[in-house]
Amino acid sequence: MSTLNAVFKRELVLAFRQKSELLQPVMFFILVISLFPLGVGPGPETLQKIGPGVIWVAALLSALFGLERIFRDDFADGTLEQQMLSGIPLSLVVLLKVAAHWLVSILPLIVVSPLLSLFLNLTSAMYTALLATLLLGTPLLSLLGAIGVALTVGVRKGSVLLSLMLLPFFVPLLIFATAAVEAAALQLPYNGQLALLGALFLLALALSPVATAYALKVSQN
Amino acid sequence: MSTLNAVFKRELVLAFRQKSELLQPVMFFILVISLFPLGVGPGPETLQKIGPGVIWVAALLSALFGLERIFRDDFADGTLEQQMLSGIPLSLVVLLKVAAHWLVSILPLIVVSPLLSLFLNLTSAMYTALLATLLLGTPLLSLLGAIGVALTVGVRKGSVLLSLMLLPFFVPLLIFATAAVEAAALQLPYNGQLALLGALFLLALALSPVATAYALKVSQN
Amino acid sequence: MGQFESFSAFVSMNGYGFFVWLSFGVTLVAILLLACHNWLQSKTLKKEIRQQLARQQRVRKTVQRHSVAAE
Amino acid sequence: MLDANNLTCCKSDRVLFQQLSLSLDVGDILHLQGPNGAGKTSLLRILVGLSQPQSGCVNYQHTSIEQSNDFAQQLIYIGHKPALNPALTAIENLTYWAQMHGVSLLSDIWQILSDLGLAGLEDIPVSQLSAGQQRRVALARLWIKPAKLWVLDEPFTALDVNAIDMVQQKMQRHAQQGGAVILTSHQPVDMMHNIKVLIMEYQWL
Amino acid sequence: MLDANNLTCCKSDRVLFQQLSLSLDVGDILHLQGPNGAGKTSLLRILVGLSQPQSGCVNYQHTSIEQSNDFAQQLIYIGHKPALNPALTAIENLTYWAQMHGVSLLSDIWQILSDLGLAGLEDIPVSQLSAGQQRRVALARLWIKPAKLWVLDEPFTALDVNAIDMVQQKMQRHAQQGGAVILTSHQPVDMMHNIKVLIMEYQWL
Amino acid sequence: MWKWLHPYAKTERLYQLSSTLLPWFSIAALLLLISGCVWGLMFAPADYQQGDAARIMYIHVPSAILSMSTYAAMAIAALIGIVWQIRTADMAVAAIAPTGAMVTFVALFTGAAWGKPMWGTWWVWDARLTSELILLFMYLGVIALYNAFEDKQQAGRAAGILALVGVINLPIIHYSVEWWNTLHQGASITKLSKPSIDPAMLWPLLINLLGFACLIASLSLAALKNEIIRREKHRPWVQQLVSDI
Ligand code: HEM
Ligand SMILES: Nc1ncnc2c1ncn2[C@@H]1O[C@H](COP(=O)(O)OP(=O)(O)OP(=O)(O)O)[C@@H](O)[C@H]1O
Ligand SMILES: Nc1ncnc2c1ncn2[C@@H]1O[C@H](COP(=O)(O)OP(=O)(O)OP(=O)(O)O)[C@@H](O)[C@H]1O
Ligand SMILES: [Mg+2]
Ligand SMILES: [Mg+2]
């Protein structure tokens, strides 16, 4: 127990050690989203139309690039070796690391999302739906991402490779999430989409840590 | 002369050594762009409207994440130290590295862009303008990006910090480029925008290698 | 009350009160936050330096002890 | 204590060693020697279970290390990589490691570090230590965790003479108290007690 | 040949050395000694111009190293980092380095590598070499570039006994032929010829 | 200028100078801002078009105008730091950046709160608004870069380079965005020749402008003092200073 506690605490300490780093995923998120109006023009209706998609794509990308650091440093400096030799099931360690990462890097995205839906002119019904999908979908994102990161951890310069591997998995996620927001814009119910996201999340929760741990072991060979 | 040749050749060899890596920026580019129709829905007019913006934002992001490797590895393994001690002006080396990077990672994006403008329903007039802006704008992107990468090279985990620093610099680029494409869509002339992009490019060509070299020297201290 | 008939008129600002007071409030908070940040920073810095000095003392003592023991 | 039977290891296109067997008893110190590239690091990583041999098996107390319950508890492995996060301090790094390895938190961790010549450097980020100081922090693990088996890959790199002495004495005491050590080093190890040497040859392509 | 005057170097909160002066003549081999963290690496980086001292200056042939025209040409610096790209082969890495440093391409680079015990490993990626083999590749630079001044930071780490011998002999020959060497090493350097020792002390906080 | 600046390159002197100036600027800022705000909120007439919402002007306009000038000040410090290799100038960059970011944030926020009643929306992608937002990002970039380095010496250099490169970018952004989309109203007090504003509203505005300037100076000086201490930790005079308290 205290061991798992230690893993969790270390992640938080590391994140808070460099406070500026904590803010980076959020900043990236905000920046990508504010690039869009510049690129597609400032018309409020266009923005409203593409808003949910843009927010989700931005969340995907910033989750992706934030995830990279989750194992890479531990791999590079040998901490991962020591964790494997410690006798604690690696999948537990992985789960904790993912949870800590979500708390530290993704939750802030969700917290600032009201601001961004303001930028993109979303209605409040759309925003509620967006929030729900983000809350359910981003943990799924992190869990899936962890597998990809573990697979590429032994490969140098994997950041683009990583996105290549992961984006196909993110497609269903994106479709369900934006479908829910569109339904909300038309005042339709969107429980179905949320339920699907929830189911995917549970599936990932069961499978991802094991797969990730296995991938990490392979990376050591 | 043969020295500069060597720098250039090494970059190319390194890129071609891992062929999968060569393809990564392109793949990332294609994936981000194909995510959009999924995220915002398939209406052809919407896609046409947001198309140039999306292509440009995708190009920005993939250039950004491809750029990272431009100095990071050389810094980590000490090659940069040796380059500084070699007596060759560092800014020349920088310029060559940027040129090689553009050739290897960005040019392919431009090559595949006809395919993507098809995805996004652009007219051929729009596409011509897009191509022109990409040809002029992406070298500017690489030159600016190099400054940012050099500044963060000593900092671990800088990838998001990098985007935070650089995106403000990409704003004018994005605006001019998409404005040119829009003008093309309306059958208006867009020489003005191209001239502006060209002027910015020349400015960056003069200043960026010096600034980058200085930043690299600072990173060694 | 200057331009206003009553205090409540002053607060409501002809219906714009929320926006006006929000602006002034947030500005005040922002300024105070930064000022506090500066102040706290100077506190922690000075504390750190004092800790550092104390540590130097500690180290000097151990070194002295070692050198005495060596003789 | 540790037995390896008929290990074979190939890297890309070369056989590094074939049918290698060794056994380690309580009180042994085994010094792996051999020229650069002989396969010492590869062997150590197989012995602790970080990589799998092409064939053969490794047993701890007569059970395979993968099934053994207390192998993890009785092992300290220190490889080329120091396993120190550069942004954390020495204390934080070691405390974390101790907790991971189920060692109840030691209050004398400050004492250990100051004995290792790191007084005053316990709470600055490890990235700001010199090469040798970082190595000392990594080796502090030998003082922290009570484990029977030590597997050390080039423990003396970057250490100065004093530090090498300290570590050697520690190893010797450990062996006398019922432990066992495997190490590689290109520097001479001048402990006299119970030292065994295994020389690995460089296999040409 | 190389003179350093009144160098002062501070790292974050500590003064590593103050008013340090040294001068190196043709034929000298200067061995920097001192415990871990004394500031040897920091001093070497200042001497070659990679980092700036708080105060003081470094001159090569009586001109400041920043203005000197042939300092770059007459220097080989080999630091902790090997400056080898892991994806390139030994040959590629060395050829690139030689071209950068304006050395006309040597056809005997294969010979040099095979003398250094790397026969058969010249054209596989450096990442697949062992620690000591990588070090050998890095040190091959001493055979490639004809330079007067060598600055070597812990050249012997990870090398086996044979390789250490070779490098030491090479250094000695270099000094006799009109060169100069500064090195740090925690291992004894048993060359007899003209060796000077500078001992740096660890400055407590 | 060189002669005048050089003594203050000595950190101890600069620290003492900042300590003496700080209270004066703080008091001036306090007095000016209080009187300006009270005047603006209670005694100045309401705008005939915008009604009482226009009172937001008394903080929006000064902060918006000064957000740009503060960046200029930071860039000048960066230039001095890079060209003459004066370390204290690098410290000034690090000290000014957070203050500038705060002021820019205030301009943005008050602008948004003004926009809601006037334009019916908190945010539109208008030229001024966009370039102000980007200005905020530029400040944040400098701050983030500075904080990313462990070694503050290096951090100061790096942040200086970024600030300086940014200053070239600022006008480019300004014009590009202007040309892209303009909705925001044009300059009305910066046209000095013929101010198009009622003097009863101009006075509190000017007072607040001055007040904000003093505020920025005092916050930056406080931060500068911290920077000096942070970087000169090992100097005897700092240790003296700290143990004296
Ligand atoms: C987020 C929203 C806003 C931002 C970022 C913003 C930004 C700015 C900036 C940068 C300036 C300084 C211009 C200069 O230096 O000449 C300015 C001035 C001004 N703004 Fe705004 N503004 C915003 C909203 C508004 C709104 C809603 C109004 C009123 C309807 C307004 C009225 C003014 C006025 C009257 C000035 C003074 C112009 C002058 O005399 O120079 N602003 N604003
Ligand atoms: N980046 C840094 N920031 C702060 N302090 C540092 C930094 N790098 C080194 N130091 C400090 O400077 C001192 C000298 O370091 P240096 O690497 O020069 O030592 P060294 O003599 O080479 O030691 P070793 O024998 O262990 O290699 C160390 O005590 C270390 O704490
Ligand atoms: N990842 C790898 N892929 C292919 N070959 C490898 C790899 N790692 C090591 N080798 C090869 O295996 C051999 C043994 O390497 P190892 O690191 O075990 O040697 P070592 O005995 O530890 O040498 P050193 O004394 O230099 O540390 C080397 O000759 C090397 O070429
Ligand atoms: Mg080895
Ligand atoms: Mg050293």
# chains A, B, ... in the order shown; residues from 1 in each chain; ligands from 1
call {"tool": "residues_around", "arguments": {"residues": "Leu85 (chain B)", "least_positions_apart": "3", "cutoff": "7 Å", "atoms": "only C-alpha atoms", "output": "MDAnalysis selection string"}}
result
(chainID B and resid 81:82) or (chainID E and resid 72)
call {"tool": "write_last_selection", "arguments": {"atoms": "C-alpha atoms", "output": "PDB file, in the first residue's frame"}}
result
ATOM      1  CA  GLU B  81      29.991  20.375 -28.272  1.00  0.00           C
ATOM      2  CA  GLN B  82      32.256  19.003 -30.930  1.00  0.00           C
TER       3      GLN B  82
ATOM      4  CA  ALA E  72      40.027  25.117 -32.878  1.00  0.00           C
TER       5      ALA E  72
END
call {"tool": "closest_atom_pairs", "arguments": {"of": "chain D", "to": "ligand 5", "cutoff": "7 Å", "atoms": "only C-alpha atoms and all ligand atoms", "output": "CSV"}}
result
residue,atom,partner,partner_atom_place_in_ligand_line,distance
D:Ser130,CA,ligand 5,1 (Mg),5.8
D:Ala131,CA,ligand 5,1 (Mg),5.3
D:Gly132,CA,ligand 5,1 (Mg),6.9
call {"tool": "write_last_selection", "arguments": {"atoms": "N, CA, C and O atoms", "output": "PDB file, in the first residue's frame"}}
result
ATOM      1  N   SER D 130      28.137  16.145  -9.602  1.00  0.00           N
ATOM      2  CA  SER D 130      29.138  15.719 -10.579  1.00  0.00           C
ATOM      3  C   SER D 130      28.963  14.231 -10.859  1.00  0.00           C
ATOM      4  O   SER D 130      28.217  13.534 -10.168  1.00  0.00           O
ATOM      5  N   ALA D 131      29.648  13.746 -11.894  1.00  0.00           N
ATOM      6  CA  ALA D 131      29.506  12.348 -12.303  1.00  0.00           C
ATOM      7  C   ALA D 131      29.721  11.399 -11.128  1.00  0.00           C
ATOM      8  O   ALA D 131      28.921  10.494 -10.876  1.00  0.00           O
ATOM      9  N   GLY D 132      30.788  11.626 -10.379  1.00  0.00           N
ATOM     10  CA  GLY D 132      31.111  10.734  -9.277  1.00  0.00           C
ATOM     11  C   GLY D 132      30.121  10.833  -8.134  1.00  0.00           C
ATOM     12  O   GLY D 132      29.784   9.846  -7.484  1.00  0.00           O
TER      13      GLY D 132
END
call {"tool": "calpha_fit_and_write", "arguments": {"fixed": "chain A", "moving": "chain B", "output": "mmCIF file with C-alpha atoms, in the first residue's frame"}}
result
data_model
loop_
_atom_site.group_PDB
_atom_site.id
_atom_site.type_symbol
_atom_site.label_atom_id
_atom_site.label_comp_id
_atom_site.auth_asym_id
_atom_site.auth_seq_id
_atom_site.Cartn_x
_atom_site.Cartn_y
_atom_site.Cartn_z
ATOM 1 C CA MET B 1 -0.262 0.021 -0.111
ATOM 2 C CA SER B 2 2.353 2.512 1.024
ATOM 3 C CA THR B 3 4.315 1.435 -2.033
ATOM 4 C CA LEU B 4 1.545 2.367 -4.397
ATOM 5 C CA ASN B 5 1.109 5.562 -2.499
ATOM 6 C CA ALA B 6 4.777 6.268 -3.078
ATOM 7 C CA VAL B 7 4.464 5.780 -6.825
ATOM 8 C CA PHE B 8 1.560 8.171 -6.968
ATOM 9 C CA LYS B 9 3.213 10.745 -4.768
ATOM 10 C CA ARG B 10 6.411 10.716 -6.777
ATOM 11 C CA GLU B 11 4.549 11.460 -9.977
ATOM 12 C CA LEU B 12 2.844 14.411 -8.366
ATOM 13 C CA VAL B 13 6.058 15.721 -6.848
ATOM 14 C CA LEU B 14 7.801 15.451 -10.194
ATOM 15 C CA ALA B 15 5.015 17.330 -11.908
ATOM 16 C CA PHE B 16 4.928 20.079 -9.336
ATOM 17 C CA ARG B 17 8.696 20.387 -9.167
ATOM 18 C CA GLN B 18 8.672 22.244 -12.439
ATOM 19 C CA LYS B 19 5.556 24.260 -12.330
ATOM 20 C CA SER B 20 5.947 25.555 -15.826
ATOM 21 C CA GLU B 21 5.681 22.021 -17.034
ATOM 22 C CA LEU B 22 2.380 21.585 -15.303
ATOM 23 C CA LEU B 23 1.009 24.415 -17.360
ATOM 24 C CA GLN B 24 2.390 23.230 -20.652
ATOM 25 C CA PRO B 25 -0.395 20.906 -21.827
ATOM 26 C CA VAL B 26 -2.990 23.537 -21.003
ATOM 27 C CA MET B 27 -1.075 26.222 -22.818
ATOM 28 C CA PHE B 28 -0.652 23.999 -25.822
ATOM 29 C CA PHE B 29 -4.341 23.225 -25.761
ATOM 30 C CA ILE B 30 -5.298 26.883 -25.622
ATOM 31 C CA LEU B 31 -2.871 27.799 -28.355
ATOM 32 C CA VAL B 32 -4.006 25.142 -30.809
ATOM 33 C CA ILE B 33 -7.597 26.120 -30.245
ATOM 34 C CA SER B 34 -6.928 29.801 -30.657
ATOM 35 C CA LEU B 35 -5.020 29.133 -33.861
ATOM 36 C CA PHE B 36 -8.202 27.889 -35.453
ATOM 37 C CA PRO B 37 -10.232 31.062 -35.503
ATOM 38 C CA LEU B 38 -7.120 32.623 -37.039
ATOM 39 C CA GLY B 39 -6.862 29.923 -39.642
ATOM 40 C CA VAL B 40 -10.466 29.451 -40.661
ATOM 41 C CA GLY B 41 -11.785 32.987 -40.188
ATOM 42 C CA PRO B 42 -13.968 34.331 -37.422
ATOM 43 C CA GLY B 43 -17.523 33.516 -38.593
ATOM 44 C CA PRO B 44 -19.441 32.537 -35.426
ATOM 45 C CA GLU B 45 -21.547 29.836 -37.081
ATOM 46 C CA THR B 46 -18.553 28.135 -38.638
ATOM 47 C CA LEU B 47 -16.784 28.247 -35.316
ATOM 48 C CA GLN B 48 -19.771 26.807 -33.521
ATOM 49 C CA LYS B 49 -19.992 24.083 -36.103
ATOM 50 C CA ILE B 50 -16.378 23.029 -35.894
ATOM 51 C CA GLY B 51 -15.946 23.901 -32.213
ATOM 52 C CA PRO B 52 -16.458 20.524 -30.548
ATOM 53 C CA GLY B 53 -14.312 18.811 -33.144
ATOM 54 C CA VAL B 54 -11.525 21.318 -32.706
ATOM 55 C CA ILE B 55 -11.592 21.078 -28.934
ATOM 56 C CA TRP B 56 -11.471 17.321 -29.089
ATOM 57 C CA VAL B 57 -8.677 17.192 -31.637
ATOM 58 C CA ALA B 58 -6.686 19.668 -29.564
ATOM 59 C CA ALA B 59 -7.272 17.580 -26.451
ATOM 60 C CA LEU B 60 -6.131 14.486 -28.327
ATOM 61 C CA LEU B 61 -2.947 16.133 -29.513
ATOM 62 C CA SER B 62 -1.998 17.661 -26.214
ATOM 63 C CA ALA B 63 -2.699 14.436 -24.381
ATOM 64 C CA LEU B 64 -0.549 12.639 -26.923
ATOM 65 C CA PHE B 65 2.451 14.858 -26.466
ATOM 66 C CA GLY B 66 2.059 15.087 -22.735
ATOM 67 C CA LEU B 67 1.933 11.312 -22.464
ATOM 68 C CA GLU B 68 5.303 10.813 -23.981
ATOM 69 C CA ARG B 69 7.147 11.683 -20.796
ATOM 70 C CA ILE B 70 5.154 9.170 -18.806
ATOM 71 C CA PHE B 71 7.709 6.351 -19.178
ATOM 72 C CA ARG B 72 10.473 7.802 -21.289
ATOM 73 C CA ASP B 73 12.453 9.395 -18.485
ATOM 74 C CA ASP B 74 12.089 6.410 -16.216
ATOM 75 C CA PHE B 75 13.333 4.224 -19.013
ATOM 76 C CA ALA B 76 16.273 6.446 -19.819
ATOM 77 C CA ASP B 77 17.599 6.764 -16.299
ATOM 78 C CA GLY B 78 17.014 3.156 -15.291
ATOM 79 C CA THR B 79 14.154 3.697 -12.841
ATOM 80 C CA LEU B 80 12.040 1.360 -14.903
ATOM 81 C CA GLU B 81 14.546 -1.463 -14.433
ATOM 82 C CA GLN B 82 14.409 -0.945 -10.719
ATOM 83 C CA GLN B 83 10.623 -0.921 -10.729
ATOM 84 C CA MET B 84 10.574 -4.230 -12.567
ATOM 85 C CA LEU B 85 12.935 -5.769 -10.074
ATOM 86 C CA SER B 86 10.994 -4.487 -7.095
ATOM 87 C CA GLY B 87 8.508 -7.340 -7.146
ATOM 88 C CA ILE B 88 5.426 -5.131 -7.403
ATOM 89 C CA PRO B 89 3.151 -6.001 -10.329
ATOM 90 C CA LEU B 90 4.170 -3.623 -13.060
ATOM 91 C CA SER B 91 0.608 -3.196 -14.261
ATOM 92 C CA LEU B 92 -0.338 -1.623 -10.951
ATOM 93 C CA VAL B 93 2.499 0.843 -11.211
ATOM 94 C CA VAL B 94 1.399 1.619 -14.741
ATOM 95 C CA LEU B 95 -2.155 2.246 -13.665
ATOM 96 C CA LEU B 96 -1.046 4.650 -10.968
ATOM 97 C CA LYS B 97 1.241 6.518 -13.277
ATOM 98 C CA VAL B 98 -1.544 6.924 -15.803
ATOM 99 C CA ALA B 99 -3.912 8.135 -13.125
ATOM 100 C CA ALA B 100 -1.400 10.657 -11.875
ATOM 101 C CA HIS B 101 -0.727 11.830 -15.377
ATOM 102 C CA TRP B 102 -4.406 12.322 -16.031
ATOM 103 C CA LEU B 103 -4.827 14.318 -12.857
ATOM 104 C CA VAL B 104 -1.878 16.530 -13.531
ATOM 105 C CA SER B 105 -1.969 17.090 -17.266
ATOM 106 C CA ILE B 106 -5.466 16.424 -18.488
ATOM 107 C CA LEU B 107 -7.708 17.638 -15.727
ATOM 108 C CA PRO B 108 -6.485 21.230 -16.204
ATOM 109 C CA LEU B 109 -7.573 21.032 -19.844
ATOM 110 C CA ILE B 110 -11.055 20.218 -18.717
ATOM 111 C CA VAL B 111 -10.948 23.028 -16.223
ATOM 112 C CA VAL B 112 -10.134 25.613 -18.852
ATOM 113 C CA SER B 113 -12.533 24.232 -21.441
ATOM 114 C CA PRO B 114 -15.411 26.617 -20.520
ATOM 115 C CA LEU B 115 -13.193 29.489 -21.565
ATOM 116 C CA LEU B 116 -12.461 27.845 -24.867
ATOM 117 C CA SER B 117 -16.039 26.959 -25.620
ATOM 118 C CA LEU B 118 -16.646 30.660 -25.201
ATOM 119 C CA PHE B 119 -13.981 31.380 -27.819
ATOM 120 C CA LEU B 120 -15.666 28.971 -30.145
ATOM 121 C CA ASN B 121 -19.170 30.156 -29.488
ATOM 122 C CA LEU B 122 -20.611 26.936 -28.090
ATOM 123 C CA THR B 123 -24.034 26.993 -26.459
ATOM 124 C CA SER B 124 -24.287 25.924 -22.857
ATOM 125 C CA ALA B 125 -26.088 22.708 -23.775
ATOM 126 C CA MET B 126 -23.216 21.875 -26.095
ATOM 127 C CA TYR B 127 -20.769 22.737 -23.400
ATOM 128 C CA THR B 128 -22.385 20.436 -20.872
ATOM 129 C CA ALA B 129 -22.190 17.581 -23.322
ATOM 130 C CA LEU B 130 -18.588 18.428 -24.180
ATOM 131 C CA LEU B 131 -17.662 18.382 -20.524
ATOM 132 C CA ALA B 132 -19.287 15.010 -20.012
ATOM 133 C CA THR B 133 -17.484 13.503 -23.001
ATOM 134 C CA LEU B 134 -14.183 14.989 -21.922
ATOM 135 C CA LEU B 135 -14.562 13.594 -18.415
ATOM 136 C CA LEU B 136 -15.303 10.133 -19.728
ATOM 137 C CA GLY B 137 -13.112 10.158 -22.813
ATOM 138 C CA THR B 138 -9.828 11.587 -21.648
ATOM 139 C CA PRO B 139 -9.039 8.815 -19.137
ATOM 140 C CA LEU B 140 -9.595 6.412 -22.011
ATOM 141 C CA LEU B 141 -7.177 8.496 -24.037
ATOM 142 C CA SER B 142 -4.543 8.242 -21.349
ATOM 143 C CA LEU B 143 -4.976 4.510 -20.940
ATOM 144 C CA LEU B 144 -4.660 3.878 -24.661
ATOM 145 C CA GLY B 145 -1.810 6.303 -24.971
ATOM 146 C CA ALA B 146 0.142 4.484 -22.289
ATOM 147 C CA ILE B 147 0.245 1.338 -24.430
ATOM 148 C CA GLY B 148 1.706 3.283 -27.313
ATOM 149 C CA VAL B 149 4.268 5.039 -25.190
ATOM 150 C CA ALA B 150 5.348 1.753 -23.662
ATOM 151 C CA LEU B 151 5.792 0.224 -27.099
ATOM 152 C CA THR B 152 8.014 3.022 -28.329
ATOM 153 C CA VAL B 153 9.922 3.661 -25.159
ATOM 154 C CA GLY B 154 13.012 1.800 -26.310
ATOM 155 C CA VAL B 155 13.027 3.560 -29.647
ATOM 156 C CA ARG B 156 14.719 6.893 -29.853
ATOM 157 C CA LYS B 157 12.794 9.776 -31.383
ATOM 158 C CA GLY B 158 9.482 8.031 -31.229
ATOM 159 C CA SER B 159 7.189 10.999 -30.843
ATOM 160 C CA VAL B 160 5.773 10.973 -34.331
ATOM 161 C CA LEU B 161 5.757 7.204 -34.520
ATOM 162 C CA LEU B 162 3.677 7.316 -31.403
ATOM 163 C CA SER B 163 1.015 9.458 -32.990
ATOM 164 C CA LEU B 164 0.953 7.255 -36.057
ATOM 165 C CA MET B 165 0.271 4.258 -33.869
ATOM 166 C CA LEU B 166 -2.255 5.870 -31.618
ATOM 167 C CA LEU B 167 -4.448 8.018 -33.765
ATOM 168 C CA PRO B 168 -6.392 5.081 -35.257
ATOM 169 C CA PHE B 169 -7.350 4.149 -31.734
ATOM 170 C CA PHE B 170 -8.617 7.612 -31.056
ATOM 171 C CA VAL B 171 -11.036 7.614 -33.982
ATOM 172 C CA PRO B 172 -14.031 5.972 -32.287
ATOM 173 C CA LEU B 173 -13.482 8.156 -29.274
ATOM 174 C CA LEU B 174 -13.565 11.262 -31.396
ATOM 175 C CA ILE B 175 -16.644 10.167 -33.277
ATOM 176 C CA PHE B 176 -18.678 9.294 -30.202
ATOM 177 C CA ALA B 177 -17.653 12.417 -28.370
ATOM 178 C CA THR B 178 -18.443 14.865 -31.134
ATOM 179 C CA ALA B 179 -21.653 13.060 -31.938
ATOM 180 C CA ALA B 180 -22.762 13.570 -28.357
ATOM 181 C CA VAL B 181 -22.063 17.277 -28.567
ATOM 182 C CA GLU B 182 -23.915 17.560 -31.847
ATOM 183 C CA ALA B 183 -26.884 15.748 -30.383
ATOM 184 C CA ALA B 184 -26.803 18.203 -27.516
ATOM 185 C CA ALA B 185 -26.784 21.102 -29.959
ATOM 186 C CA LEU B 186 -29.977 19.730 -31.473
ATOM 187 C CA GLN B 187 -31.497 19.166 -28.028
ATOM 188 C CA LEU B 188 -31.447 15.400 -28.530
ATOM 189 C CA PRO B 189 -30.509 12.933 -25.815
ATOM 190 C CA TYR B 190 -26.948 11.682 -25.877
ATOM 191 C CA ASN B 191 -26.961 9.017 -23.204
ATOM 192 C CA GLY B 192 -26.192 6.401 -25.800
ATOM 193 C CA GLN B 193 -22.888 7.963 -26.793
ATOM 194 C CA LEU B 194 -21.909 8.470 -23.193
ATOM 195 C CA ALA B 195 -22.733 4.867 -22.384
ATOM 196 C CA LEU B 196 -20.559 3.739 -25.271
ATOM 197 C CA LEU B 197 -17.681 5.902 -24.099
ATOM 198 C CA GLY B 198 -18.119 4.478 -20.626
ATOM 199 C CA ALA B 199 -18.032 0.934 -21.930
ATOM 200 C CA LEU B 200 -14.887 1.631 -23.908
ATOM 201 C CA PHE B 201 -13.325 3.171 -20.839
ATOM 202 C CA LEU B 202 -14.019 0.102 -18.742
ATOM 203 C CA LEU B 203 -12.614 -2.149 -21.454
ATOM 204 C CA ALA B 204 -9.460 -0.067 -21.611
ATOM 205 C CA LEU B 205 -9.186 0.009 -17.829
ATOM 206 C CA ALA B 206 -9.133 -3.755 -17.768
ATOM 207 C CA LEU B 207 -6.795 -4.365 -20.686
ATOM 208 C CA SER B 208 -4.477 -1.412 -20.984
ATOM 209 C CA PRO B 209 -2.378 -1.782 -17.810
ATOM 210 C CA VAL B 210 -1.609 -5.394 -18.656
ATOM 211 C CA ALA B 211 -0.727 -4.630 -22.252
ATOM 212 C CA THR B 212 1.373 -1.673 -21.179
ATOM 213 C CA ALA B 213 3.285 -3.659 -18.594
ATOM 214 C CA TYR B 214 3.986 -6.371 -21.148
ATOM 215 C CA ALA B 215 5.198 -3.814 -23.662
ATOM 216 C CA LEU B 216 7.516 -2.299 -21.070
ATOM 217 C CA LYS B 217 8.997 -5.690 -20.305
ATOM 218 C CA VAL B 218 9.649 -6.234 -23.995
ATOM 219 C CA SER B 219 11.442 -2.897 -24.179
ATOM 220 C CA GLN B 220 14.027 -4.089 -21.672
ATOM 221 C CA ASN B 221 15.304 -7.069 -23.533
#
call {"tool": "interface_residues", "arguments": {"of": "chain F", "to": "chain C", "cutoff": "6 Å", "atoms": "only C-alpha atoms", "output": "list in words"}}
result
Met42, Phe43, Asp52, Ala53, Ile56, Val106, Thr110, Ala113, Ala223 and Asn226 of chain F
call {"tool": "interface_residues", "arguments": {"of": "chain D", "to": "chain B", "cutoff": "12 Å", "atoms": "only C-alpha atoms", "output": "list of chain:residue names"}}
result
D:Asn85, D:Pro86, D:Ala87, D:Ser127
call {"tool": "write_last_selection", "arguments": {"atoms": "N, CA, C and O atoms", "output": "PDB file, in the first residue's frame"}}
result
ATOM      1  N   ASN D  85      16.289  10.114 -10.896  1.00  0.00           N
ATOM      2  CA  ASN D  85      15.637  11.165 -11.676  1.00  0.00           C
ATOM      3  C   ASN D  85      16.359  12.478 -11.436  1.00  0.00           C
ATOM      4  O   ASN D  85      16.471  12.928 -10.296  1.00  0.00           O
ATOM      5  N   PRO D  86      16.860  13.097 -12.489  1.00  0.00           N
ATOM      6  CA  PRO D  86      17.693  14.292 -12.301  1.00  0.00           C
ATOM      7  C   PRO D  86      16.970  15.468 -11.670  1.00  0.00           C
ATOM      8  O   PRO D  86      17.622  16.358 -11.139  1.00  0.00           O
ATOM      9  N   ALA D  87      15.649  15.465 -11.717  1.00  0.00           N
ATOM     10  CA  ALA D  87      14.938  16.607 -11.142  1.00  0.00           C
ATOM     11  C   ALA D  87      14.687  16.430  -9.653  1.00  0.00           C
ATOM     12  O   ALA D  87      14.352  17.383  -8.955  1.00  0.00           O
ATOM     13  N   SER D 127      20.679  16.345 -10.832  1.00  0.00           N
ATOM     14  CA  SER D 127      21.307  16.814 -12.066  1.00  0.00           C
ATOM     15  C   SER D 127      22.456  17.765 -11.774  1.00  0.00           C
ATOM     16  O   SER D 127      23.314  17.972 -12.613  1.00  0.00           O
TER      17      SER D 127
END
call {"tool": "interface_residues", "arguments": {"of": "chain E", "to": "chain D", "cutoff": "12 Å", "atoms": "only C-alpha atoms", "output": "MDAnalysis selection string"}}
result
chainID E and resid 11:14 16 33:42 79:81 116:121 124:125 127:137 153:164 184:188 202:205
call {"tool": "closest_residue", "arguments": {"among": "F:Gln153, F:Pro62, F:Leu241, F:Ile229", "to": "ligand 2", "atoms": "only C-alpha atoms and all ligand atoms"}}
result
F:Gln153
